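Text of the file start-v1.tsv, holding TSV, C-alpha atoms:
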```tsv
chain	number	residue	atom	x	y	z
D	1	MET	CA	-48.43	-19.69	0.67
D	2	ARG	CA	-48.34	-16.91	3.28
D	3	SER	CA	-50.40	-17.66	6.36
D	4	LYS	CA	-53.23	-15.24	7.02
D	5	GLY	CA	-52.30	-14.84	10.66
D	6	LYS	CA	-53.93	-12.86	13.45
D	7	LEU	CA	-52.51	-9.87	15.27
D	8	LEU	CA	-53.70	-9.15	18.80
D	9	ILE	CA	-52.92	-5.63	20.04
D	10	LEU	CA	-53.05	-5.14	23.81
D	11	THR	CA	-53.48	-1.59	25.05
D	12	GLY	CA	-54.45	0.12	28.30
D	13	SER	CA	-56.66	3.11	29.01
D	14	LEU	CA	-54.44	5.04	31.43
D	15	GLY	CA	-54.24	8.18	29.31
D	16	ASP	CA	-55.05	8.14	25.62
D	17	GLY	CA	-51.55	7.56	24.22
D	18	HIS	CA	-51.53	3.76	24.46
D	19	ASN	CA	-54.92	3.58	22.76
D	20	LYS	CA	-53.90	6.00	20.01
D	21	ALA	CA	-50.84	3.93	19.18
D	22	ALA	CA	-52.92	0.75	19.12
D	23	GLN	CA	-55.48	2.36	16.81
D	24	ALA	CA	-52.76	3.59	14.45
D	25	ILE	CA	-51.33	0.08	14.16
D	26	LEU	CA	-54.80	-1.43	13.70
D	27	GLU	CA	-55.66	0.93	10.83
D	28	ALA	CA	-52.28	0.50	9.15
D	29	VAL	CA	-52.42	-3.32	9.29
D	30	ARG	CA	-55.89	-3.27	7.73
D	31	MET	CA	-54.54	-1.14	4.87
D	32	TYR	CA	-51.18	-2.91	4.51
D	33	ARG	CA	-52.34	-6.49	5.09
D	34	PRO	CA	-56.12	-6.66	4.45
D	35	ASP	CA	-55.86	-10.45	4.51
D	36	MET	CA	-54.74	-10.45	8.14
D	37	ASP	CA	-57.06	-10.49	11.14
D	38	VAL	CA	-56.28	-7.79	13.70
D	39	LYS	CA	-57.99	-6.91	16.96
D	40	VAL	CA	-57.39	-4.40	19.76
D	41	VAL	CA	-58.16	-5.40	23.35
D	42	ASP	CA	-57.93	-3.17	26.42
D	43	TYR	CA	-55.70	-5.24	28.68
D	44	LEU	CA	-56.91	-3.45	31.83
D	45	ALA	CA	-60.59	-3.92	31.00
D	46	TRP	CA	-60.02	-7.58	30.13
D	47	THR	CA	-58.00	-8.56	33.19
D	48	HIS	CA	-59.96	-6.36	35.65
D	49	PRO	CA	-63.47	-6.10	34.16
D	50	TYR	CA	-65.05	-4.76	37.37
D	51	LEU	CA	-62.23	-2.62	38.74
D	52	HIS	CA	-60.50	-1.01	35.76
D	53	GLY	CA	-62.78	2.05	35.73
D	54	PHE	CA	-62.17	2.73	39.40
D	55	GLY	CA	-58.47	2.06	38.97
D	56	LYS	CA	-58.24	4.56	36.11
D	57	TYR	CA	-60.01	7.18	38.23
D	58	CYS	CA	-57.60	6.61	41.12
D	59	TYR	CA	-54.61	6.85	38.78
D	60	MET	CA	-55.77	10.20	37.35
D	61	GLN	CA	-56.44	11.60	40.81
D	62	TRP	CA	-53.01	10.45	41.97
D	63	VAL	CA	-51.25	12.06	39.02
D	64	LYS	CA	-53.16	15.33	39.41
D	65	SER	CA	-53.02	15.56	43.21
D	66	LEU	CA	-49.65	14.01	44.07
D	67	PRO	CA	-47.41	14.41	41.01
D	68	SER	CA	-44.27	14.58	43.14
D	69	VAL	CA	-44.99	11.16	44.65
D	70	TYR	CA	-45.65	9.74	41.18
D	71	GLY	CA	-42.38	11.25	39.95
D	72	PHE	CA	-40.45	9.89	42.93
D	73	LEU	CA	-41.64	6.33	42.31
D	74	TYR	CA	-41.10	6.70	38.56
D	75	HIS	CA	-37.47	7.68	39.01
D	76	LYS	CA	-36.84	5.12	41.75
D	77	THR	CA	-38.02	2.33	39.42
D	78	ARG	CA	-36.71	3.68	36.11
D	79	HIS	CA	-33.56	1.56	36.19
D	80	ASP	CA	-32.43	-1.71	37.72
D	81	THR	CA	-33.25	-1.36	41.43
D	82	ALA	CA	-34.59	-3.55	44.20
D	83	LEU	CA	-37.85	-1.58	44.06
D	84	SER	CA	-38.28	-2.10	40.31
D	85	HIS	CA	-37.64	-5.84	40.77
D	86	LEU	CA	-40.26	-5.92	43.51
D	87	PHE	CA	-42.85	-4.23	41.31
D	88	LYS	CA	-42.11	-6.60	38.44
D	89	ARG	CA	-42.68	-9.60	40.68
D	90	MET	CA	-46.08	-8.30	41.78
D	91	LYS	CA	-48.37	-10.06	39.32
D	92	SER	CA	-51.29	-7.67	38.85
D	93	PHE	CA	-53.36	-9.75	36.44
D	94	SER	CA	-55.25	-13.01	36.27
D	95	THR	CA	-53.23	-15.72	34.55
D	96	GLU	CA	-56.46	-17.54	33.76
D	97	ARG	CA	-57.97	-14.44	32.14
D	98	MET	CA	-54.87	-13.93	29.99
D	99	LEU	CA	-54.82	-17.57	28.91
D	100	ASP	CA	-58.55	-17.37	28.10
D	101	LEU	CA	-57.84	-14.33	25.93
D	102	LEU	CA	-55.07	-16.10	24.01
D	103	GLU	CA	-57.21	-19.20	23.55
D	104	GLU	CA	-60.22	-17.18	22.42
D	105	GLU	CA	-58.32	-14.98	19.95
D	106	ALA	CA	-55.63	-17.50	18.90
D	107	PRO	CA	-53.18	-14.79	17.74
D	108	THR	CA	-50.07	-15.58	15.73
D	109	GLU	CA	-48.46	-12.49	17.29
D	110	VAL	CA	-49.17	-10.08	20.15
D	111	VAL	CA	-48.30	-6.38	20.14
D	112	CYS	CA	-48.29	-4.46	23.43
D	113	THR	CA	-48.66	-0.68	23.54
D	114	PHE	CA	-49.15	-0.79	27.32
D	115	PRO	CA	-46.37	-1.87	29.72
D	116	GLY	CA	-48.65	-3.94	31.95
D	117	ALA	CA	-49.67	-6.04	28.95
D	118	ALA	CA	-46.01	-6.57	28.04
D	119	ALA	CA	-45.37	-7.74	31.61
D	120	ALA	CA	-48.29	-10.18	31.46
D	121	MET	CA	-47.18	-11.68	28.15
D	122	SER	CA	-43.64	-12.03	29.43
D	123	TYR	CA	-44.86	-13.83	32.54
D	124	LEU	CA	-46.81	-16.32	30.45
D	125	LYS	CA	-43.90	-16.95	28.10
D	126	CYS	CA	-41.28	-17.29	30.84
D	127	ASN	CA	-43.49	-19.82	32.61
D	128	GLY	CA	-44.00	-21.90	29.48
D	129	LEU	CA	-47.69	-21.05	29.11
D	130	THR	CA	-47.42	-19.58	25.60
D	131	ILE	CA	-44.87	-19.18	22.81
D	132	VAL	CA	-46.67	-16.43	20.88
D	133	PRO	CA	-44.17	-13.84	19.53
D	134	THR	CA	-44.57	-10.57	21.40
D	135	VAL	CA	-43.63	-7.03	20.33
D	136	THR	CA	-43.61	-4.03	22.65
D	137	VAL	CA	-44.22	-0.54	21.25
D	138	ILE	CA	-42.84	2.08	23.67
D	139	THR	CA	-45.07	5.15	23.48
D	140	ASP	CA	-42.77	7.73	25.10
D	141	TYR	CA	-39.38	9.22	24.22
D	142	THR	CA	-37.68	7.59	27.15
D	143	ASP	CA	-36.91	4.22	28.68
D	144	HIS	CA	-38.24	2.72	31.90
D	145	SER	CA	-37.87	-0.66	33.51
D	146	TYR	CA	-41.62	-1.23	33.45
D	147	TRP	CA	-41.40	-1.61	29.65
D	148	ILE	CA	-38.53	-4.13	29.80
D	149	HIS	CA	-39.35	-7.82	30.16
D	150	PRO	CA	-37.44	-10.99	29.26
D	151	GLY	CA	-40.33	-12.49	27.28
D	152	THR	CA	-40.40	-9.63	24.77
D	153	ASP	CA	-39.11	-10.56	21.32
D	154	LYS	CA	-38.80	-7.06	19.86
D	155	TYR	CA	-39.00	-3.44	21.00
D	156	LEU	CA	-40.18	-0.65	18.70
D	157	VAL	CA	-39.04	2.78	19.88
D	158	GLY	CA	-39.62	6.39	18.89
D	159	ALA	CA	-36.06	7.68	18.64
D	160	GLU	CA	-32.41	6.61	18.50
D	161	HIS	CA	-31.65	7.74	22.06
D	162	VAL	CA	-34.34	5.36	23.36
D	163	LYS	CA	-32.69	2.50	21.47
D	164	GLN	CA	-29.34	3.39	23.04
D	165	ALA	CA	-30.97	3.39	26.48
D	166	LEU	CA	-32.47	-0.07	25.88
D	167	LEU	CA	-29.08	-1.42	24.83
D	168	ARG	CA	-27.88	-0.69	28.36
D	169	TYR	CA	-30.36	-3.33	29.57
D	170	ALA	CA	-28.29	-5.89	27.60
D	171	ILE	CA	-31.07	-6.33	25.06
D	172	PRO	CA	-29.57	-7.54	21.76
D	173	GLU	CA	-29.49	-4.75	19.17
D	174	GLN	CA	-31.38	-6.80	16.59
D	175	ARG	CA	-34.37	-6.85	18.95
D	176	ILE	CA	-34.69	-3.04	18.99
D	177	VAL	CA	-36.01	-1.10	15.99
D	178	VAL	CA	-36.34	2.69	15.72
D	179	THR	CA	-39.67	3.10	13.95
D	180	GLY	CA	-40.96	6.35	15.41
D	181	ILE	CA	-44.05	6.33	17.61
D	182	PRO	CA	-46.93	5.04	15.43
D	183	LEU	CA	-49.40	7.72	14.36
D	184	ARG	CA	-52.69	7.53	12.54
D	185	MET	CA	-52.56	8.44	8.87
D	186	PRO	CA	-54.29	11.87	9.20
D	187	PHE	CA	-51.25	13.14	11.11
D	188	THR	CA	-48.97	12.34	8.18
D	189	GLN	CA	-50.87	14.40	5.60
D	190	THR	CA	-50.50	18.03	4.52
D	191	TYR	CA	-53.33	20.54	4.93
D	192	ASN	CA	-54.38	23.99	3.75
D	193	ARG	CA	-54.35	26.14	6.87
D	194	GLU	CA	-56.62	28.88	5.51
D	195	GLU	CA	-59.27	26.41	4.40
D	196	LEU	CA	-59.25	24.72	7.79
D	197	ARG	CA	-59.63	28.04	9.61
D	198	ASP	CA	-62.59	28.84	7.38
D	199	LYS	CA	-64.07	25.42	8.15
D	200	TYR	CA	-64.02	26.07	11.90
D	201	GLY	CA	-65.04	29.72	11.78
D	202	LEU	CA	-61.62	31.07	12.73
D	203	HIS	CA	-59.86	34.17	11.47
D	204	ARG	CA	-57.41	33.41	8.69
D	205	ASP	CA	-54.75	35.90	9.74
D	206	MET	CA	-54.98	35.90	13.54
D	207	PRO	CA	-52.29	34.04	15.55
D	208	THR	CA	-53.84	30.76	16.66
D	209	VAL	CA	-52.95	28.82	19.81
D	210	LEU	CA	-54.25	25.30	20.37
D	211	VAL	CA	-54.55	24.35	24.04
D	212	MET	CA	-54.77	20.68	24.97
D	213	GLY	CA	-54.51	18.81	28.23
D	214	GLY	CA	-54.57	15.30	26.89
D	215	GLY	CA	-57.68	13.17	26.70
D	216	HIS	CA	-58.59	14.03	30.29
D	217	GLY	CA	-58.29	17.81	29.99
D	218	LEU	CA	-55.57	18.51	32.55
D	219	ILE	CA	-54.98	22.12	31.40
D	220	GLY	CA	-57.57	24.44	32.85
D	221	LYS	CA	-57.96	27.49	35.03
D	222	SER	CA	-54.43	28.79	34.48
D	223	PHE	CA	-55.50	30.27	31.16
D	224	LYS	CA	-58.15	32.52	32.66
D	225	SER	CA	-55.55	35.03	33.90
D	226	VAL	CA	-53.61	34.77	30.65
D	227	LEU	CA	-56.53	35.61	28.38
D	228	GLN	CA	-57.90	38.36	30.60
D	229	SER	CA	-54.52	40.01	31.06
D	230	ASP	CA	-53.90	43.44	29.55
D	231	ASP	CA	-50.37	42.33	28.68
D	232	LEU	CA	-51.64	40.27	25.75
D	233	LYS	CA	-52.74	43.28	23.73
D	234	ALA	CA	-52.88	41.90	20.19
D	235	PRO	CA	-55.92	39.68	19.56
D	236	VAL	CA	-55.15	35.97	19.51
D	237	GLN	CA	-57.53	33.08	18.84
D	238	PHE	CA	-57.39	30.21	21.27
D	239	VAL	CA	-58.79	26.74	20.59
D	240	PHE	CA	-59.31	24.75	23.81
D	241	VAL	CA	-59.67	20.96	23.59
D	242	CYS	CA	-60.92	19.76	26.98
D	243	GLY	CA	-61.03	16.07	26.18
D	244	ARG	CA	-63.52	14.19	28.33
D	245	ASN	CA	-63.47	16.80	31.08
D	246	GLU	CA	-66.99	18.21	30.70
D	247	LYS	CA	-66.66	20.27	33.87
D	248	LEU	CA	-63.61	22.04	32.47
D	249	LYS	CA	-65.36	22.61	29.14
D	250	GLN	CA	-68.34	24.23	30.86
D	251	HIS	CA	-66.07	26.36	33.04
D	252	LEU	CA	-64.06	27.66	30.08
D	253	GLU	CA	-67.20	28.42	28.09
D	254	GLU	CA	-68.59	30.42	30.99
D	255	GLU	CA	-65.39	32.23	31.92
D	256	LEU	CA	-63.74	32.84	28.56
D	257	GLY	CA	-66.60	33.02	26.09
D	258	GLY	CA	-68.64	36.00	25.02
D	259	SER	CA	-67.37	39.45	25.99
D	260	ASN	CA	-65.10	38.38	28.85
D	261	THR	CA	-62.02	38.61	26.63
D	262	HIS	CA	-61.06	40.49	23.46
D	263	HIS	CA	-59.49	37.31	22.11
D	264	HIS	CA	-61.36	34.81	19.95
D	265	VAL	CA	-62.02	31.64	21.94
D	266	MET	CA	-63.31	28.27	20.73
D	267	VAL	CA	-63.94	25.51	23.28
D	268	THR	CA	-64.48	21.84	22.40
D	269	GLY	CA	-64.66	18.57	24.27
D	270	PHE	CA	-63.28	15.28	23.00
D	271	VAL	CA	-62.86	15.47	19.22
D	272	ASP	CA	-61.68	13.12	16.48
D	273	HIS	CA	-60.26	15.85	14.25
D	274	VAL	CA	-57.30	16.94	16.37
D	275	HIS	CA	-55.09	16.63	13.28
D	276	GLU	CA	-57.03	19.46	11.64
D	277	LEU	CA	-56.88	21.64	14.75
D	278	MET	CA	-53.12	21.09	14.91
D	279	ALA	CA	-52.70	21.82	11.22
D	280	LEU	CA	-54.51	25.19	11.47
D	281	SER	CA	-52.59	26.32	14.59
D	282	ASP	CA	-49.38	28.30	15.03
D	283	LEU	CA	-48.57	26.92	18.48
D	284	ILE	CA	-49.83	24.19	20.79
D	285	VAL	CA	-49.84	24.42	24.58
D	286	THR	CA	-50.08	20.89	25.93
D	287	LYS	CA	-49.05	18.28	28.42
D	288	PRO	CA	-46.14	16.35	26.85
D	289	GLY	CA	-47.70	12.93	26.43
D	290	GLY	CA	-45.78	10.77	23.97
D	291	LEU	CA	-48.49	10.52	21.32
D	292	THR	CA	-49.64	14.14	21.50
D	293	VAL	CA	-46.14	15.53	21.04
D	294	SER	CA	-45.44	13.02	18.25
D	295	GLU	CA	-48.55	14.21	16.44
D	296	ALA	CA	-47.44	17.82	16.82
D	297	LEU	CA	-43.94	16.97	15.56
D	298	ALA	CA	-45.40	15.20	12.53
D	299	LEU	CA	-47.33	18.37	11.62
D	300	ASP	CA	-44.31	20.62	12.35
D	301	LEU	CA	-46.28	22.41	15.07
D	302	PRO	CA	-44.22	24.35	17.67
D	303	MET	CA	-44.96	23.33	21.24
D	304	MET	CA	-45.23	24.98	24.63
D	305	LEU	CA	-45.12	22.22	27.23
D	306	TYR	CA	-47.04	23.10	30.37
D	307	LYS	CA	-46.15	21.70	33.80
D	308	PRO	CA	-44.88	18.26	32.74
D	309	ILE	CA	-45.66	15.62	35.34
D	310	PRO	CA	-42.43	14.24	36.84
D	311	GLY	CA	-41.73	11.00	35.04
D	312	GLN	CA	-42.29	10.20	31.39
D	313	GLU	CA	-43.80	13.62	30.65
D	314	GLN	CA	-40.70	15.35	32.03
D	315	ALA	CA	-38.50	13.04	29.96
D	316	ASN	CA	-40.53	13.77	26.82
D	317	ALA	CA	-40.26	17.51	27.54
D	318	ALA	CA	-36.50	17.31	28.00
D	319	TYR	CA	-36.15	15.56	24.65
D	320	LEU	CA	-38.29	18.10	22.78
D	321	VAL	CA	-36.66	21.12	24.39
D	322	GLY	CA	-33.30	19.56	23.64
D	323	ILE	CA	-34.02	19.32	19.91
D	324	GLY	CA	-35.37	22.86	19.91
D	325	ALA	CA	-38.95	22.00	18.92
D	326	ALA	CA	-40.56	23.13	22.19
D	327	VAL	CA	-40.33	25.45	25.17
D	328	GLU	CA	-41.26	24.35	28.68
D	329	VAL	CA	-43.22	26.42	31.20
D	330	LYS	CA	-43.79	25.53	34.82
D	331	ASN	CA	-46.59	27.89	35.91
D	332	ALA	CA	-49.19	30.35	34.65
D	333	ALA	CA	-46.94	33.40	35.06
D	334	GLU	CA	-44.16	31.82	33.01
D	335	MET	CA	-46.68	30.67	30.42
D	336	LYS	CA	-48.02	34.21	30.00
D	337	ARG	CA	-44.50	35.59	29.60
D	338	GLN	CA	-43.53	32.94	27.07
D	339	LEU	CA	-46.78	33.34	25.12
D	340	LEU	CA	-46.18	37.07	24.83
D	341	GLU	CA	-42.66	36.47	23.58
D	342	VAL	CA	-43.52	33.70	21.13
D	343	ILE	CA	-46.63	35.33	19.66
D	344	ALA	CA	-44.96	38.73	19.33
D	345	ASN	CA	-41.82	37.34	17.74
D	346	GLN	CA	-42.50	35.42	14.55
D	347	SER	CA	-38.85	34.38	14.30
D	348	VAL	CA	-39.18	32.35	17.52
D	349	LEU	CA	-42.10	30.38	16.07
D	350	LEU	CA	-40.27	29.85	12.79
D	351	LYS	CA	-37.20	28.54	14.63
D	352	LEU	CA	-39.28	26.09	16.66
D	353	LYS	CA	-41.06	24.96	13.49
D	354	LYS	CA	-37.78	24.49	11.61
D	355	ASN	CA	-36.29	22.48	14.46
D	356	ALA	CA	-39.37	20.26	14.52
D	357	GLN	CA	-38.99	19.63	10.79
D	358	MET	CA	-35.29	18.81	11.05
D	359	SER	CA	-35.19	16.80	14.26
D	360	HIS	CA	-37.65	13.96	13.72
D	361	ARG	CA	-37.88	11.24	11.13
D	362	GLN	CA	-40.87	11.45	8.83
D	363	PRO	CA	-43.57	9.38	10.56
D	364	ASP	CA	-44.54	6.20	8.78
D	365	VAL	CA	-46.74	3.77	10.66
D	366	PHE	CA	-46.09	1.19	7.93
D	367	ARG	CA	-42.49	1.04	9.15
D	368	THR	CA	-43.93	-0.10	12.47
D	369	VAL	CA	-46.12	-2.68	10.75
D	370	ASP	CA	-43.13	-4.02	8.78
D	371	ALA	CA	-41.16	-4.50	12.00
D	372	ILE	CA	-44.12	-6.24	13.64
D	373	LEU	CA	-44.74	-8.65	10.77
D	374	GLU	CA	-41.04	-9.39	10.43
D	375	THR	CA	-41.12	-10.59	14.04
D	376	GLU	CA	-43.97	-12.96	13.24
D	377	HIS	CA	-42.22	-14.49	10.24
D	378	HIS	CA	-38.68	-14.58	11.63
D	379	TYR	CA	-39.41	-15.49	15.22
D	380	LEU	CA	-36.55	-16.76	17.35
D	381	PRO	CA	-37.39	-18.25	20.74
D	382	VAL	CA	-36.47	-15.88	23.54
D	383	GLN	CA	-34.03	-18.27	25.15
D	384	ASP	CA	-32.01	-18.53	21.92
D	385	GLY	CA	-31.08	-14.89	21.72
D	386	LEU	CA	-31.98	-13.10	24.93
D	387	GLN	CA	-29.65	-13.91	27.80
D	388	PHE	CA	-31.22	-11.97	30.63
D	389	SER	CA	-33.96	-12.48	33.20
D	390	TYR	CA	-35.85	-10.62	35.89
D	391	ALA	CA	-32.79	-11.06	38.05
D	392	ASN	CA	-30.61	-8.74	35.98
D	393	VAL	CA	-32.87	-6.26	34.16
```
Hey, can you dump this file as structure tokens for me?
Amino acid sequence: MRSKGKLLILTGSLGDGHNKAAQAILEAVRMYRPDMDVKVVDYLAWTHPYLHGFGKYCYMQWVKSLPSVYGFLYHKTRHDTALSHLFKRMKSFSTERMLDLLEEEAPTEVVCTFPGAAAAMSYLKCNGLTIVPTVTVITDYTDHSYWIHPGTDKYLVGAEHVKQALLRYAIPEQRIVVTGIPLRMPFTQTYNREELRDKYGLHRDMPTVLVMGGGHGLIGKSFKSVLQSDDLKAPVQFVFVCGRNEKLKQHLEEELGGSNTHHHVMVTGFVDHVHELMALSDLIVTKPGGLTVSEALALDLPMMLYKPIPGQEQANAAYLVGIGAAVEVKNAAEMKRQLLEVIANQSVLLKLKKNAQMSHRQPDVFRTVDAILETEHHYLPVQDGLQFSYANV
């Protein structure tokens, strides 16, 4: 008789991508294996219950204010370097808290969608404190040493080139599975664009641009000059999703609403129907976070990637531009020029859309669930098949 089992998913709330992937897996497991217990825990909130909010704030300020420093450290630690080894040896969690979590939840398998959680589980396993099978789900289209740990039993990656990169860490091929980045089911459906535009009070036939800055609303004032420019003569409807940035939402409503522009503008905060906004749009302008761009790819939505942060965002952008599904812009002037070109030239949009359709595998979160459950039922101890350690990754 098959054991019921319990899946513990560890995520982290630095950006929304890790949480989105965790939620997609949670929902899919409940549909695919309703007999199985599954729970999502924010690793950062659990291990640092009093400091995680402040830490998240500091991280966002660092990324916004000093992106070049973030990018420098990202690239210096991407591969096997003395600095990356140093960071891996800096235990940033409470061993007691992690052991309490495992004892309290008693999982038969742990899935990590956040690199810090993968590091913590690896530490516990390599020190003989647990033997729970552990799967890491990489939520970007690139590799980085902070995802790679000797206690990980399987890696689930978004694309073949990420698998090839992980092989260079001497990880056995059978421990790497290309599943695509896990998406919630609404992003895998088809929609009637006209009906959705009616639903949200948008014009059926007007070019529609969705503008997103991720869950924290990092795209902002640059669009004021774009929308109020005389160069953009034909009316366009813009849908701004400001995430949790209420200040940005208020600013855009004041500056771009009413009669300040001849374009149609809709401004929202954090929403749970992004899939519908993507499905009704002709183009998305966004920061290239791994989950956001995966959602756009799944809905065949052409992308304009705005000022990628050096690091994983830049790597995601390079991948998407390389497959011809996106264009990258580095400032407001370039964005205005590219918007004019793309909106005025339907063939450009069609080419981007076609490349998106051709260049990614059809998303199927159940493929991810299959790979996770296979790890639980065919678990091999790390030392039997993984001949590397912190000294040589």
- Query: Quick one: residues within 6 Å of segment 237-245 of chain D, all atoms listed in the file counted, chain neighbours fewer than 3 positions away excluded, as a list in words?
  - Reply: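 Counting all atoms listed in the file, the residues come to Thr208, Val209, Leu210, Val211, Met212, Gly215, His216, Gly217, Leu248, Lys249, His263, His264, Val265, Met266, Val267, Thr268, Gly269 and Phe270 of chain D.
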- Task: With a distance cut-off of 12 Å and only C-alpha atoms, select the neighbouring residues of Ser68 of chain D, excluding the residue or stretch itself and same-chain residues fewer than 4 positions from it, and output the selection as a list in words.
- Result: Trp62, Val63, Lys64, Phe72, Leu73, Tyr74, His75, Lys307, Pro308, Ile309, Pro310, Gly311 and Gln314 of chain D
- Message: Just checking: using only C-alpha atoms, which residue out of D:Val110, D:Leu44, D:Leu10, D:Val327 ends up closest to Phe93 of chain D?
- Response: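 That would be D:Leu44, the residue with the smallest distance to Phe93 of chain D.
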- Distance criterion (all atoms listed in the file): nearest to Gly53 of chain D out of D:Gly12, D:Gly151, D:Pro302, D:Gly71: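 Ranking D:Gly12, D:Gly151, D:Pro302, D:Gly71 by distance to Gly53 of chain D, first place goes to D:Gly12.
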- Counting all atoms listed in the file, what is within 10 Å of Ser359 of chain D, bar same-chain residues fewer than 3 positions away, as a list in words? Leu297, Leu320, Gly322, Ile323, Gly324, Ala325, Lys354, Asn355, Ala356 and Gln362 of chain D
- Message: Between atom CA of Tyr146 of chain D and atom CA of Glu295 of chain D, what distance in Å does the model show, to one decimal?
- Response: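 A separation of 24.0 Å between them.
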- Message: As an exercise, work out the distance from atom CA of Asp205 of chain D to atom CA of Leu227 of chain D in Å and give it to one decimal place.
- Response: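 Taking atom CA of Asp205 of chain D and atom CA of Leu227 of chain D, their separation equals 18.7 Å.
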- Point-to-point distance in Å for atom CA of Lys163 of chain D and atom CA of Thr179 of chain D: 10.3 Å
- Task: Could you check which of D:Tyr123, D:Tyr50, D:Phe187, D:Tyr32 is closest to Lys20 of chain D, using all atoms listed in the file?
- Result: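 Smallest separation from Lys20 of chain D among the options: D:Phe187.
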- Could you tell me, as a list of chain:residue names, which residues have any atom at most 12 Å from (-56.1, -19.2, 29.8), counting all atoms listed in the file?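 Nearby residues: D:Thr47, D:Phe93, D:Ser94, D:Thr95, D:Glu96, D:Arg97, D:Met98, D:Leu99, D:Asp100, D:Leu101, D:Leu102, D:Glu103, D:Glu104, D:Glu105, D:Ala106, D:Met121, D:Leu124, D:Leu129, D:Thr130.
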Leu232 of chain D surroundings by all atoms listed in the file, 9 Å radius, close-in-sequence under 6 positions cut, as a PDB file with C-alpha atoms, in the coordinates of the input:
```pdb
ATOM      1  CA  VAL D 226     -53.610  34.770  30.650  1.00  0.00           C
ATOM      2  CA  LYS D 336     -48.020  34.210  30.000  1.00  0.00           C
ATOM      3  CA  LEU D 339     -46.780  33.340  25.120  1.00  0.00           C
ATOM      4  CA  LEU D 340     -46.180  37.070  24.830  1.00  0.00           C
TER       5      LEU D 340
END
```
- In terms of all atoms listed in the file, the residue from D:Leu305, D:Ile138, D:Leu299, D:Ala159 at minimal distance from Val285 of chain D is D:Leu305
- Item | Selected residue of minimal separation from Ala117 of chain D among D:Met206, D:Leu183, D:Leu8, D:Val29, counting only C-alpha atoms |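 With only C-alpha atoms as the atom set, the closest residue is D:Leu8.
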- Message: Using all atoms listed in the file, can you tell me which of D:Ala279, D:Ala45, D:Leu202, D:Leu7 comes closest to Val132 of chain D?
- Response: D:Leu7
